[in-house]
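Peer 1: Sending over protein_35.txt (compact mmCIF, C-alpha atoms).
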# COMPACT_ATOMS: atom_id res chain seq x y z
CA MET A 10 116.52 2.09 49.75
CA ARG A 11 119.27 -0.02 51.26
CA THR A 12 122.93 0.66 51.95
CA ALA A 13 125.32 -2.19 52.77
CA LEU A 14 126.72 -2.62 56.23
CA VAL A 15 129.91 -4.36 55.17
CA LEU A 16 130.79 -7.15 57.60
CA LEU A 17 134.20 -5.76 58.43
CA THR A 18 132.82 -2.28 59.03
CA THR A 19 130.12 -3.71 61.27
CA VAL A 20 132.70 -5.64 63.25
CA LEU A 21 135.12 -2.75 63.61
CA LEU A 22 133.20 0.48 63.69
CA ILE A 23 130.11 -0.82 65.37
CA GLY A 24 129.85 2.07 67.81
CA ALA A 25 130.61 5.74 68.19
CA VAL A 26 130.31 8.84 70.34
CA ALA A 27 129.62 12.55 70.27
CA ALA A 28 130.21 15.47 72.58
CA PRO A 29 127.73 15.83 75.45
CA ALA A 30 124.32 17.07 74.40
CA ALA A 31 124.31 19.66 77.15
CA VAL A 32 126.64 20.81 79.90
CA SER A 33 125.29 22.10 83.18
CA GLY A 34 125.81 21.93 86.89
CA ALA A 35 124.93 18.26 87.26
CA SER A 36 127.26 15.45 88.31
CA THR A 37 130.73 14.98 86.75
CA HIS A 38 132.81 11.86 86.25
CA ALA A 39 136.51 11.09 86.24
CA LEU A 40 136.62 9.35 82.86
CA ASP A 41 135.87 12.44 80.82
CA ASP A 42 134.42 15.04 83.18
CA VAL A 43 131.09 14.96 81.33
CA ALA A 44 128.27 16.83 83.06
CA LEU A 45 124.87 15.33 82.34
CA ASP A 46 121.69 17.36 81.99
CA CYS A 47 118.28 15.83 81.34
CA SER A 48 116.40 19.10 80.84
CA TYR A 49 113.86 19.26 78.04
CA PRO A 50 113.49 20.52 75.43
CA MET A 51 117.18 20.07 74.57
CA THR A 52 119.12 21.04 71.47
CA VAL A 53 121.99 18.79 70.40
CA THR A 54 124.40 18.71 67.47
CA ASP A 55 125.47 15.32 66.10
CA ALA A 56 128.44 14.11 64.05
CA THR A 57 126.92 15.34 60.79
CA GLY A 58 126.61 18.87 62.17
CA GLU A 59 122.82 18.51 62.27
CA GLU A 60 121.17 20.46 65.09
CA LEU A 61 118.35 18.46 66.62
CA THR A 62 115.77 19.70 69.08
CA ILE A 63 114.50 16.96 71.37
CA GLU A 64 111.19 18.11 72.85
CA GLU A 65 110.80 15.16 75.25
CA PRO A 66 112.57 11.90 76.10
CA ALA A 67 112.50 9.33 73.31
CA GLU A 68 110.07 6.48 73.98
CA ARG A 69 110.50 4.45 70.78
CA ILE A 70 114.11 3.97 69.70
CA VAL A 71 115.74 2.14 66.82
CA THR A 72 119.49 1.47 66.93
CA THR A 73 121.37 0.90 63.68
CA SER A 74 124.40 -0.74 65.34
CA PRO A 75 124.63 -2.85 68.49
CA SER A 76 126.93 -0.57 70.49
CA ALA A 77 124.14 1.97 70.95
CA ALA A 78 121.75 -0.82 71.87
CA ASN A 79 124.26 -2.11 74.41
CA VAL A 80 124.41 1.29 76.11
CA LEU A 81 120.62 1.38 76.40
CA TRP A 82 120.66 -2.07 77.97
CA GLU A 83 123.47 -1.07 80.33
CA ILE A 84 121.59 1.97 81.64
CA GLY A 85 118.34 0.01 82.01
CA GLU A 86 116.42 1.67 79.18
CA GLN A 87 116.02 -1.37 76.93
CA ASP A 88 112.22 -1.15 77.15
CA ARG A 89 112.38 1.96 74.96
CA VAL A 90 114.08 0.02 72.15
CA VAL A 91 111.70 -1.15 69.41
CA GLY A 92 114.22 -2.05 66.70
CA VAL A 93 117.78 -3.44 66.55
CA THR A 94 120.10 -5.02 63.99
CA GLU A 95 120.84 -8.74 63.91
CA HIS A 96 124.25 -8.13 65.53
CA ALA A 97 122.49 -7.06 68.75
CA MET A 98 120.85 -10.44 69.26
CA TYR A 99 123.23 -11.29 72.10
CA LEU A 100 121.41 -8.79 74.33
CA GLU A 101 118.81 -10.34 76.62
CA GLY A 102 115.33 -9.83 75.22
CA ALA A 103 116.59 -8.42 71.90
CA GLU A 104 114.75 -11.20 70.09
CA ASP A 105 111.50 -9.48 71.08
CA ARG A 106 112.42 -6.34 69.13
CA ASP A 107 111.98 -5.70 65.43
CA ILE A 108 115.01 -6.66 63.35
CA VAL A 109 115.78 -3.73 61.06
CA SER A 110 118.55 -5.39 59.04
CA ASP A 111 118.49 -8.37 56.71
CA GLU A 112 120.55 -11.55 56.92
CA GLU A 113 123.37 -9.98 54.92
CA GLY A 114 123.71 -7.14 57.39
CA TRP A 115 122.05 -4.46 55.26
CA LEU A 116 119.83 -1.92 56.97
CA ASP A 117 116.24 -2.11 55.78
CA HIS A 118 114.86 1.43 55.74
CA GLU A 119 111.30 0.23 55.30
CA LEU A 120 111.54 -1.88 58.45
CA ILE A 121 112.97 1.08 60.37
CA VAL A 122 110.04 3.28 59.32
CA GLU A 123 107.55 0.53 60.20
CA ALA A 124 108.97 0.41 63.74
CA GLU A 125 107.70 4.01 64.16
CA PRO A 126 110.68 5.29 66.15
CA ASP A 127 110.70 8.80 67.55
CA LEU A 128 114.52 8.58 67.65
CA VAL A 129 117.08 6.60 65.64
CA LEU A 130 120.53 6.20 67.21
CA ALA A 131 123.09 5.69 64.44
CA PRO A 132 126.70 4.91 65.45
CA ASN A 133 129.35 5.72 62.88
CA ALA A 134 129.13 2.28 61.23
CA THR A 135 126.06 3.82 59.62
CA GLY A 136 127.46 6.22 57.04
CA SER A 137 126.44 9.87 56.94
CA GLU A 138 124.86 9.34 53.52
CA GLU A 139 122.56 6.70 54.93
CA VAL A 140 121.75 8.94 57.87
CA GLU A 141 120.55 11.59 55.43
CA GLN A 142 118.44 9.00 53.61
CA LEU A 143 116.76 8.08 56.89
CA ARG A 144 116.12 11.76 57.64
CA ASP A 145 114.55 12.16 54.20
CA LEU A 146 112.04 9.53 55.32
CA GLY A 147 110.97 11.82 58.15
CA LEU A 148 112.98 10.16 60.93
CA THR A 149 114.86 11.94 63.72
CA VAL A 150 118.38 10.51 63.59
CA TYR A 151 121.29 11.18 65.95
CA HIS A 152 124.61 10.22 64.35
CA PHE A 153 127.69 9.52 66.47
CA HIS A 154 131.36 10.17 65.86
CA GLU A 155 133.74 7.22 65.86
CA ALA A 156 134.86 6.29 69.37
CA LYS A 157 138.62 6.54 69.71
CA ASP A 158 139.10 5.76 73.41
CA LEU A 159 137.33 5.03 76.71
CA ASP A 160 136.59 8.71 77.29
CA ASP A 161 134.56 8.62 74.08
CA VAL A 162 132.71 5.54 75.32
CA ALA A 163 131.85 7.30 78.58
CA ALA A 164 130.72 10.43 76.73
CA LYS A 165 128.57 8.34 74.41
CA THR A 166 126.92 6.74 77.42
CA GLY A 167 126.19 10.19 78.82
CA VAL A 168 124.69 11.46 75.54
CA ILE A 169 122.36 8.51 75.24
CA GLY A 170 121.38 8.94 78.89
CA GLU A 171 120.45 12.56 78.19
CA LEU A 172 118.45 11.72 75.08
CA VAL A 173 116.26 9.22 76.97
CA ASP A 174 116.03 11.07 80.32
CA ALA A 175 118.23 8.57 82.15
CA CYS A 176 121.02 10.83 83.43
CA ASP A 177 121.25 9.15 86.84
CA ASP A 178 121.52 5.66 85.37
CA ALA A 179 124.04 6.82 82.78
CA ALA A 180 126.08 8.47 85.54
CA ASP A 181 125.95 5.26 87.59
CA THR A 182 127.20 3.30 84.58
CA ILE A 183 130.10 5.70 84.05
CA ASP A 184 130.90 5.43 87.76
CA TRP A 185 130.91 1.64 87.40
CA MET A 186 133.42 1.97 84.56
CA ASP A 187 135.55 4.28 86.70
CA GLU A 188 135.54 1.86 89.63
CA ARG A 189 136.62 -1.10 87.51
CA LEU A 190 139.26 0.95 85.72
CA SER A 191 140.71 2.18 89.02
CA ILE A 192 141.57 -1.46 89.82
CA VAL A 193 143.06 -1.88 86.35
CA ASP A 194 145.19 1.24 86.77
CA GLU A 195 146.36 0.06 90.18
CA ALA A 196 147.43 -3.27 88.67
CA THR A 197 149.37 -1.73 85.79
CA ALA A 198 150.96 1.14 87.71
CA ASN A 199 154.31 -0.61 88.21
CA VAL A 200 154.41 -3.38 85.60
CA GLU A 201 156.59 -3.66 82.52
CA PRO A 202 154.23 -3.61 79.50
CA VAL A 203 154.10 -6.76 77.40
CA SER A 204 153.89 -6.54 73.61
CA ALA A 205 150.59 -7.57 72.03
CA ILE A 206 148.55 -7.42 68.84
CA TYR A 207 144.87 -7.90 68.07
CA LEU A 208 144.16 -10.14 65.06
CA PHE A 209 140.73 -10.63 63.48
CA PHE A 210 139.94 -11.77 59.97
CA ASP A 211 143.48 -10.85 58.83
CA PHE A 212 143.05 -7.30 60.16
CA THR A 213 144.41 -5.50 63.18
CA ALA A 214 143.67 -2.36 65.20
CA GLY A 215 146.34 0.31 65.06
CA ALA A 216 146.75 3.77 66.54
CA ASP A 217 143.80 6.13 66.95
CA THR A 218 141.34 3.32 67.70
CA PHE A 219 139.50 2.54 70.91
CA ILE A 220 140.84 -1.04 70.72
CA ASP A 221 144.36 0.38 70.91
CA ASP A 222 143.25 2.20 74.06
CA LEU A 223 141.94 -1.08 75.52
CA ILE A 224 145.23 -2.89 74.84
CA THR A 225 147.30 -0.07 76.32
CA ARG A 226 145.06 0.21 79.39
CA ALA A 227 145.53 -3.53 79.98
CA GLY A 228 149.29 -3.07 80.37
CA ALA A 229 150.54 -3.83 76.86
CA ASP A 230 152.23 -2.08 73.96
CA ASN A 231 150.19 -2.46 70.78
CA VAL A 232 152.81 -3.51 68.22
CA ALA A 233 150.49 -2.56 65.36
CA ALA A 234 150.43 1.05 66.55
CA ASP A 235 154.19 0.93 67.18
CA ALA A 236 154.64 -0.21 63.57
CA GLY A 237 152.87 2.91 62.29
CA ILE A 238 149.48 1.33 61.51
CA ASP A 239 146.60 3.77 61.94
CA GLY A 240 142.99 2.72 62.26
CA TYR A 241 141.89 -0.74 61.17
CA GLN A 242 144.18 -2.22 58.52
CA PRO A 243 145.29 -5.59 57.16
CA ILE A 244 148.30 -6.95 59.00
CA SER A 245 151.39 -7.88 56.98
CA ASP A 246 153.69 -10.81 57.63
CA GLU A 247 156.58 -8.38 57.88
CA VAL A 248 155.04 -6.51 60.79
CA LEU A 249 154.29 -9.75 62.63
CA VAL A 250 157.77 -11.18 62.15
CA ASN A 251 159.57 -7.96 63.05
CA ALA A 252 157.40 -7.22 66.08
CA SER A 253 157.14 -10.83 67.28
CA PRO A 254 154.50 -9.91 69.92
CA GLU A 255 154.50 -11.73 73.23
CA TRP A 256 150.70 -11.98 73.16
CA ILE A 257 148.10 -12.38 70.43
CA ILE A 258 144.55 -11.23 71.14
CA LEU A 259 141.68 -12.92 69.31
CA ASN A 260 137.89 -12.55 69.58
CA SER A 261 135.26 -15.19 70.21
CA ASP A 262 134.02 -15.07 66.60
CA ASP A 263 137.51 -15.70 65.18
CA PRO A 264 139.23 -17.64 67.97
CA GLY A 265 141.77 -19.58 65.95
CA LEU A 266 145.32 -18.47 65.27
CA PRO A 267 145.87 -17.76 61.58
CA ASP A 268 147.75 -20.64 60.00
CA SER A 269 150.70 -18.71 58.62
CA GLU A 270 154.45 -18.96 58.90
CA ALA A 271 154.63 -15.36 60.14
CA VAL A 272 152.21 -16.01 63.01
CA ASN A 273 153.97 -19.24 63.91
CA GLN A 274 157.27 -17.36 64.25
CA THR A 275 155.91 -14.96 66.86
CA THR A 276 156.82 -15.34 70.52
CA ALA A 277 153.11 -15.51 71.33
CA ALA A 278 152.47 -18.51 69.09
CA GLN A 279 155.58 -20.36 70.23
CA GLU A 280 154.76 -19.86 73.93
CA GLY A 281 151.01 -20.34 73.58
CA HIS A 282 150.28 -16.79 74.74
CA VAL A 283 146.84 -16.29 73.23
CA VAL A 284 143.92 -14.51 74.91
CA ILE A 285 140.39 -14.75 73.53
CA VAL A 286 137.99 -11.91 74.31
CA GLU A 287 134.23 -11.82 73.71
CA ILE A 288 133.71 -10.06 70.39
CA GLU A 289 130.98 -7.77 71.76
CA GLN A 290 133.33 -6.57 74.49
CA VAL A 291 136.31 -5.85 72.28
CA ASN A 292 134.66 -4.68 69.04
CA GLN A 293 131.74 -2.61 70.33
CA PRO A 294 132.60 0.67 72.09
CA ALA A 295 130.17 0.48 75.01
CA PRO A 296 130.58 0.28 78.81
CA HIS A 297 131.28 -3.45 78.71
CA THR A 298 134.62 -2.82 76.97
CA VAL A 299 135.97 -2.57 80.52
CA LEU A 300 135.47 -6.34 80.78
CA ALA A 301 137.69 -6.86 77.73
CA ILE A 302 140.45 -4.91 79.47
CA GLU A 303 140.11 -7.07 82.57
CA THR A 304 140.31 -10.27 80.51
CA MET A 305 143.48 -9.13 78.79
CA LEU A 306 145.04 -7.84 82.00
CA GLU A 307 144.35 -11.11 83.80
CA HIS A 308 146.47 -12.85 81.14
CA PHE A 309 149.15 -10.21 80.68
CA HIS A 310 149.83 -9.50 84.38
CA PRO A 311 148.00 -12.10 86.50
CA ASP A 312 149.83 -11.47 89.79
CA ALA A 313 149.50 -7.69 89.62
CA TYR A 314 145.83 -7.95 88.72
CA ALA A 315 145.11 -10.43 91.53
CA SER A 316 146.84 -8.15 94.05
CA ALA A 317 144.88 -5.11 92.85
CA VAL A 318 141.58 -6.99 93.09
CA GLU A 319 142.45 -8.22 96.58
CA ALA A 320 143.36 -4.71 97.70
CA ALA A 321 140.12 -3.33 96.30
CA GLU A 322 138.10 -6.02 98.07
CA SER A 323 139.94 -5.26 101.32
CA ASP A 324 139.18 -1.56 100.93
CA ASP A 325 135.54 -2.38 100.30
CA ALA A 326 135.44 -4.56 103.43
CA ASP A 327 137.04 -1.78 105.50
CA ALA A 328 134.58 0.74 104.12
CA THR A 329 131.66 -1.57 104.90
CA GLU A 330 132.96 -2.10 108.45
CA ALA A 331 133.35 1.65 108.91
CA ASP A 332 129.80 2.17 107.66
CA ASP A 333 128.57 -0.46 110.13
CA VAL A 334 130.40 1.25 113.01
CA GLU A 335 128.94 4.60 111.99
CA ALA A 336 125.47 3.05 111.75
CA ASP A 337 125.88 1.52 115.25
CA ALA A 338 126.97 4.91 116.57
CA ASP A 339 123.90 6.50 115.01
CA ASP A 340 121.69 3.84 116.61
CA THR A 341 123.33 4.48 119.99
CA ALA A 342 122.73 8.20 119.60
CA VAL A 343 119.06 7.56 118.79
CA GLU A 344 118.73 5.33 121.87
CA ALA A 345 120.31 8.03 124.01
CA ASP A 346 117.86 10.56 122.63
CA ASP A 347 115.01 8.18 123.47
CA ILE A 348 116.27 7.84 127.05
CA ASP A 349 116.55 11.61 127.36
CA GLY A 350 113.05 11.84 126.01
CA ASP A 351 111.75 9.37 128.61
CA ASN A 352 113.48 11.29 131.40
CA GLY A 353 111.91 14.45 130.09
CA ASP A 354 108.49 12.78 130.26
CA ALA A 355 109.19 11.81 133.86
CA VAL A 356 109.98 15.39 134.73
CA ASP A 357 106.83 16.49 132.96
CA ASP A 358 104.82 14.01 135.05
CA GLY A 359 106.22 15.65 138.14
CA ASP A 360 105.11 19.01 136.83
CA ASP A 361 101.63 17.58 136.29
CA THR A 362 101.57 16.45 139.95
CA ASP A 363 102.51 19.92 141.09
CA ASP A 364 99.77 21.36 138.91
CA THR A 365 97.26 18.92 140.39
CA LEU A 366 98.31 19.76 143.92
CA THR A 367 98.03 23.47 143.22
CA ASP A 368 94.60 23.00 141.66
CA ASP A 369 93.40 20.99 144.69
CA THR A 370 94.69 23.64 147.09
CA ASP A 371 92.94 26.36 145.14
CA ASP A 372 89.73 24.36 145.31
CA VAL A 373 90.11 24.03 149.08
CA ALA A 374 90.69 27.75 149.38
CA ALA A 375 87.48 28.33 147.47
CA ASP A 376 85.67 25.94 149.81
CA ASP A 377 87.08 27.86 152.77
CA ASP A 378 85.10 30.85 151.71
CA ALA A 379 81.98 28.67 151.59
CA LEU A 380 82.47 27.13 155.09
CA PRO A 381 82.73 29.86 157.73
CA GLY A 382 83.89 28.71 161.18
CA PHE A 383 86.01 25.84 159.76
CA GLY A 384 88.01 27.79 157.21
CA VAL A 385 91.68 27.40 158.24
CA ALA A 386 91.38 24.00 159.87
CA ALA A 387 89.29 22.58 157.04
CA ALA A 388 91.71 23.92 154.46
CA LEU A 389 94.67 22.38 156.28
CA MET A 390 92.99 19.01 156.60
CA ALA A 391 91.96 19.06 152.95
CA THR A 392 95.48 19.89 151.86
CA LEU A 393 96.99 17.03 153.90
CA LEU A 394 94.40 14.67 152.57
CA GLY A 395 95.20 15.73 148.97
CA VAL A 396 98.91 15.17 149.48
CA PHE A 397 98.22 11.72 150.92
CA VAL A 398 96.00 10.73 148.02
CA LEU A 399 98.50 11.94 145.46
CA SER A 400 101.35 10.14 147.18
CA ARG A 401 99.38 6.93 146.98
CA ARG A 402 98.82 7.49 143.24
CA ARG A 403 102.54 7.87 142.54
Let's see the structure in the file written out as structure tokens.

Peer 2:
Amino acid sequence: MRTALVLLTTVLLIGAVAAPAAVSGASTHALDDVALDCSYPMTVTDATGEELTIEEPAERIVTTSPSAANVLWEIGEQDRVVGVTEHAMYLEGAEDRDIVSDEEGWLDHELIVEAEPDLVLAPNATGSEEVEQLRDLGLTVYHFHEAKDLDDVAAKTGVIGELVDACDDAADTIDWMDERLSIVDEATANVEPVSAIYLFFDFTAGADTFIDDLITRAGADNVAADAGIDGYQPISDEVLVNASPEWIILNSDDPGLPDSEAVNQTTAAQEGHVVIVEIEQVNQPAPHTVLAIETMLEHFHPDAYASAVEAAESDDADATEADDVEADADDTAVEADDIDGDNGDAVDDGDDTDDTLTDDTDDVAADDDALPGFGVAAALMATLLGVFVLSRRR
């Protein structure tokens, strides 16, 4: 049985997130303070309220939307993926996986079953009704909540890492996001936000969306959110004219400005302030959304971004130099220990000589008992002779 993945829904809600599967004393991260725990068996509760017990890490995974697939690629677990939708074809090697959707974007349940997954990862673009249909076919399905911001993206990355026993790689990916975002935050700390709007297929992203979070993080005010638009909605000419955004954001699948009088009246259109972002980076809530922020920021505040990047590179160089100095100091300490060790061996050699001399003297004393009449003189001569021989050896 098939359920449509409407094109707009696929474009907009192509990924999602849930609370961490487990919380324990593992590593934590600044984005959302998620603690990751890859202990099995694990019990998790997904967006539908279903409690799933995962006995062991999933080895055969089907993803019903590309954002989940992207996370698996990002954390280096793509070899576990046996099935993806056609919208994940941009991922390297995805063409070698089973395609579980048809050309119209509908999920094919029969193809999913044939892929024999032991886990299906279903972002919120897959409706809860369809999730239940897949479960009725005997499949283990984890359904995600809609991602509303970057914290949700980080948490989603952690959940998937836990489900496939890749906590360290998931943590490294979240750390990578943190490091890139720290440069972004440095660049936007003292800038005056520009006004911007994201346009795609006559829709926009308003408040309570992760795209709104991306725009805000890049140092802009999202005029759609300011106009009271929530979620993903059509954009009216009135909003565009009244807001007159300084920047218009487009994606690589819809890179042309809409040919309308309202758009042409905006400050962005009149000044040529248009930024085009890769659709996968702006529409799929996965770690690579950080790259969309950087692209926007580089256009919105080029000088501030360049300065922040330069400062980060300088800090990295200083840290590397400090590490090199510390490494040289460690090497020097090791060499000093080696020298001390050699001196100790020299002292030990001296002790061996003393032992040899003592042993020789004892032998002479024993001989003294065997040679009456020459005892003291013979012992003295033997001792002197031993000292001479040993001095020649040294």

Peer 1: For CA of Thr298 (chain A) and CA of Leu190 (chain A), quote the distance in Å rounded to one decimal.

Peer 2: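 Result for CA of Thr298 (chain A) versus CA of Leu190 (chain A): 10.6 Å, one decimal.
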
Peer 1: Tell me, in Å to one decimal, how far CA of Asp235 (chain A) is from CA of Glu255 (chain A).

Peer 2: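 Taking CA of Asp235 (chain A) as the start and CA of Glu255 (chain A) as the end point, the length is 14.0 Å.
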
Peer 1: Counting all atoms listed in the file, which residues of region 155-194 of chain A sit at most 7 Å from some atom of region 82-104 of chain A, and what is each one's closest atom pair with its distance in Å to one decimal, listed by chain and rising residue number, as a tab-separated table?

Peer 2:
residue	atom	partner	partner_atom	distance
A:Asp178	CA	A:Ile84	CA	5.2
A:Ala179	CA	A:Ile84	CA	5.6
A:Thr182	CA	A:Ile84	CA	6.5

Peer 1: Quick check, in Å to one decimal: how far apart do CA of Leu208 (chain A) and CA of Leu116 (chain A) lie?

Peer 2: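 The value is 26.9 Å.
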
Peer 1: Would you compute an axis-aligned box for region 98-115 of chain A, covering every atom listed for it in the file with 5 Å of margin on each side, and report centre and edge lengths in Å to one decimal as JSON?

Peer 2:
{"center_x": 117.6, "center_y": -7.6, "center_z": 65.8, "size_x": 22.2, "size_y": 17.8, "size_z": 31.7}

Peer 1: Considering all atoms listed in the file, can you say which of A:Ala77, A:Ala236, A:Val299, A:Ile121 comes closest to Val193 (chain A)?

Peer 2: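 That would be A:Val299, the residue with the smallest distance to Val193 (chain A).
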
Peer 1: Given the choices A:Gly281, A:Ile192, A:Arg106, A:Glu64, which gets closest to Glu322 (chain A) if the distance is worked out from only C-alpha atoms?

Peer 2: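 Using only C-alpha atoms, Glu322 (chain A) sits closest to A:Ile192.
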
Peer 1: Considering all atoms listed in the file, can you say which of A:Ala321, A:Leu120, A:Leu45, A:Ile183 comes closest to Asp107 (chain A)?

Peer 2: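 Ranking A:Ala321, A:Leu120, A:Leu45, A:Ile183 by distance to Asp107 (chain A), first place goes to A:Leu120.
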
Peer 1: Can you tell me, as an NGL selection string, what residues are no more than 9 Å from Ala313 (chain A) when counting all atoms listed in the file, ignoring any on the same chain fewer than 6 positions away?

Peer 2: :A and (195-197 or 199-200 or 306-307)

Peer 1: Can you give me N, CA and C atoms for region 294-310 of chain A, written as an mmCIF file, in the frame of the given file?

Peer 2:
data_model
loop_
_atom_site.group_PDB
_atom_site.id
_atom_site.type_symbol
_atom_site.label_atom_id
_atom_site.label_comp_id
_atom_site.auth_asym_id
_atom_site.auth_seq_id
_atom_site.Cartn_x
_atom_site.Cartn_y
_atom_site.Cartn_z
ATOM 1 N N PRO A 294 132.280 -0.345 71.078
ATOM 2 C CA PRO A 294 132.600 0.670 72.090
ATOM 3 C C PRO A 294 131.384 1.017 72.949
ATOM 4 N N ALA A 295 131.259 0.307 74.047
ATOM 5 C CA ALA A 295 130.170 0.480 75.010
ATOM 6 C C ALA A 295 130.753 0.213 76.389
ATOM 7 N N PRO A 296 130.011 0.449 77.459
ATOM 8 C CA PRO A 296 130.580 0.280 78.810
ATOM 9 C C PRO A 296 131.235 -1.069 79.055
ATOM 10 N N HIS A 297 130.724 -2.121 78.423
ATOM 11 C CA HIS A 297 131.280 -3.450 78.710
ATOM 12 C C HIS A 297 132.674 -3.663 78.133
ATOM 13 N N THR A 298 133.233 -2.687 77.427
ATOM 14 C CA THR A 298 134.620 -2.820 76.970
ATOM 15 C C THR A 298 135.586 -2.932 78.150
ATOM 16 N N VAL A 299 135.157 -2.441 79.312
ATOM 17 C CA VAL A 299 135.970 -2.570 80.520
ATOM 18 C C VAL A 299 136.253 -4.048 80.808
ATOM 19 N N LEU A 300 135.293 -4.908 80.523
ATOM 20 C CA LEU A 300 135.470 -6.340 80.780
ATOM 21 C C LEU A 300 136.534 -6.934 79.861
ATOM 22 N N ALA A 301 136.632 -6.406 78.643
ATOM 23 C CA ALA A 301 137.690 -6.860 77.730
ATOM 24 C C ALA A 301 139.062 -6.513 78.287
ATOM 25 N N ILE A 302 139.179 -5.324 78.860
ATOM 26 C CA ILE A 302 140.450 -4.910 79.470
ATOM 27 C C ILE A 302 140.816 -5.858 80.599
ATOM 28 N N GLU A 303 139.840 -6.176 81.440
ATOM 29 C CA GLU A 303 140.110 -7.070 82.570
ATOM 30 C C GLU A 303 140.548 -8.455 82.096
ATOM 31 N N THR A 304 139.923 -8.958 81.042
ATOM 32 C CA THR A 304 140.310 -10.270 80.510
ATOM 33 C C THR A 304 141.745 -10.259 80.026
ATOM 34 N N MET A 305 142.108 -9.223 79.286
ATOM 35 C CA MET A 305 143.480 -9.130 78.790
ATOM 36 C C MET A 305 144.472 -8.973 79.945
ATOM 37 N N LEU A 306 144.147 -8.102 80.883
ATOM 38 C CA LEU A 306 145.040 -7.840 82.000
ATOM 39 C C LEU A 306 145.276 -9.096 82.833
ATOM 40 N N GLU A 307 144.223 -9.884 83.011
ATOM 41 C CA GLU A 307 144.350 -11.110 83.800
ATOM 42 C C GLU A 307 145.346 -12.086 83.169
ATOM 43 N N HIS A 308 145.497 -12.021 81.833
ATOM 44 C CA HIS A 308 146.470 -12.850 81.140
ATOM 45 C C HIS A 308 147.850 -12.192 81.098
ATOM 46 N N PHE A 309 147.878 -10.904 80.820
ATOM 47 C CA PHE A 309 149.150 -10.210 80.680
ATOM 48 C C PHE A 309 149.911 -10.122 82.006
ATOM 49 N N HIS A 310 149.204 -9.760 83.071
ATOM 50 C CA HIS A 310 149.830 -9.500 84.380
ATOM 51 C C HIS A 310 148.972 -10.122 85.494
#
